[in-house]
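Chemist: Would you mind keeping the following structure in view while I ask a few things?
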Amino acid sequence: MKYVNQLEYTHWLYTTRVDFEGEEKEKGRTTTVRSSGCGLCSAVMVADRLIPDCGFELSDALQLSYDTGANRRIGTNYKLFVPAFADKCGLDFEMTNDPERLRYCLRTGGAAVVHAKCDREGYTGVFTKKGHYVVAISEERDGRIAVLDPSYKEGKYEEEGRKGLVEVKNDVIAKCDMQVLVDDSLIADPSFYLFWRK
């Protein structure tokens with residue numbers, strides 16, 4: 001199982017566009033995979049989880065984001081990115097806000113990307129304070145969800161408002177209740193991007 005941490009990619013440039021419809025036309029802003037590449041890293045982990053020999057790497061995700069125009073504002077617009085990603089890797093996909101569909105996906109051998117979007121008053125995001133993508137890889141026997149967080153660093157889940165909600169195993173896998181994912185993705189639409197092998 002491949003784990004890709006965006007924090008290791010400080011020098012990988014990721015230019016995001018700000019000239020899309022409905023917004024004031026501006027030049028793109030130059031960011032890095034470290035600051036804005038959680039969606040790219042998540043796609044690489046999903047591809048490896050479901051089709052390990054497909055060879056989809058971070059450089060492929062970066063190029064696909066540019067090709068589809070998904071490189072928006074401070075990250076990746078998954079609504080634009082996912083159809084091309086699924087086609088390239090030979091995956092079926094579904095976009096949903098239904099946590100039971102997420103549970104079904106994991107129980108049937110799929111993997112999912114959760115769009116955590118927590119910038120709202122009165123709520124402390126567990127996986128992010130603003131916007132982030134994480135990968136749900138399985139449902140554990142106790143009902144918790146195993147997650148790969150592309151921005152994990154030691155102590156992240158010990159911060160105020162997060163403590164006790166996530167257990168980290170083997171320095172990579174974060175385990176949490178389904179409700180944590182639901183609460184973190186409450187204002188995202190869609191909340192969950194589900195993937196299966198064709």
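Chain labels follow the order of the structure tokens: the first chain is A, the next B, and so on; residue numbering restarts at 1 in every chain, and ligands are counted from 1 in their shown order.
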Tell me, as a list of chain:residue names, which residues lie within 10 Å of Asn5 (chain A), counting only C-alpha atoms; anything in the same chain fewer than 6 positions away does not count.

Modeler: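 Listing them by chain and then by number gives A:Val33, A:Arg34, A:Gly37, A:Cys38, A:Cys41, A:Ser42, A:Met45, A:Leu148, A:Asp149, A:Pro150, A:Ser151, A:Tyr152, A:Lys153, A:Val172.
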
Chemist: Write out as JSON, numbers by chain the residues lying within 10 Å of Ala47 (chain A), counting only C-alpha atoms and excluding same-chain residues fewer than 6 positions away.

Modeler: {"A": [2, 53, 54, 55, 56, 57, 85, 86, 88, 89, 90, 91, 111, 195, 196, 197]}

Chemist: Keeping only C-alpha atoms, write the selected residues to a file as a PDB file, in the first residue's frame.

Modeler:
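Okay, part.pdb is ready:
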ATOM      1  CA  LYS A   2       1.479   3.295  -1.108  1.00  0.00           C
ATOM      2  CA  ASP A  53       0.219  -2.092 -11.249  1.00  0.00           C
ATOM      3  CA  CYS A  54      -1.455   0.825 -13.069  1.00  0.00           C
ATOM      4  CA  GLY A  55       1.636   2.997 -12.606  1.00  0.00           C
ATOM      5  CA  PHE A  56      -0.243   6.221 -11.789  1.00  0.00           C
ATOM      6  CA  GLU A  57       2.286   8.485 -10.070  1.00  0.00           C
ATOM      7  CA  PHE A  85      -8.649  10.151 -13.366  1.00  0.00           C
ATOM      8  CA  ALA A  86     -11.102   7.239 -13.255  1.00  0.00           C
ATOM      9  CA  LYS A  88      -7.130   6.904 -17.063  1.00  0.00           C
ATOM     10  CA  CYS A  89      -6.827   4.308 -14.290  1.00  0.00           C
ATOM     11  CA  GLY A  90      -9.726   2.059 -15.340  1.00  0.00           C
ATOM     12  CA  LEU A  91     -11.948   2.775 -12.347  1.00  0.00           C
ATOM     13  CA  ALA A 111     -11.654   3.188  -1.835  1.00  0.00           C
ATOM     14  CA  PHE A 195     -13.952   4.347  -6.597  1.00  0.00           C
ATOM     15  CA  TRP A 196     -14.007   0.682  -7.561  1.00  0.00           C
ATOM     16  CA  ARG A 197     -12.074  -1.472 -10.023  1.00  0.00           C
TER      17      ARG A 197
END

Chemist: So which residues touch Leu13 (chain A) within 7 Å, counting only C-alpha atoms, skipping near sequence neighbours fewer than 4 positions away, as a PyMOL selection string?

Modeler: chain A and resi 30-33

Chemist: Between A:Tyr3, A:Ala70, A:Trp12, A:Ser35, which residue has the minimum interatomic distance to Val147 (chain A), considering only C-alpha atoms?

Modeler: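 That would be A:Tyr3, the residue with the smallest distance to Val147 (chain A).
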
Chemist: For the structure I just gave you, how does DSSP split region 44-195 of chain A - specifically, which residues are helix (DSSP H, G or I)? Reply as a ChimeraX atom specification.

Modeler: /A:44-50,52-54,58-68,78-89,99-107,156-158,178-184
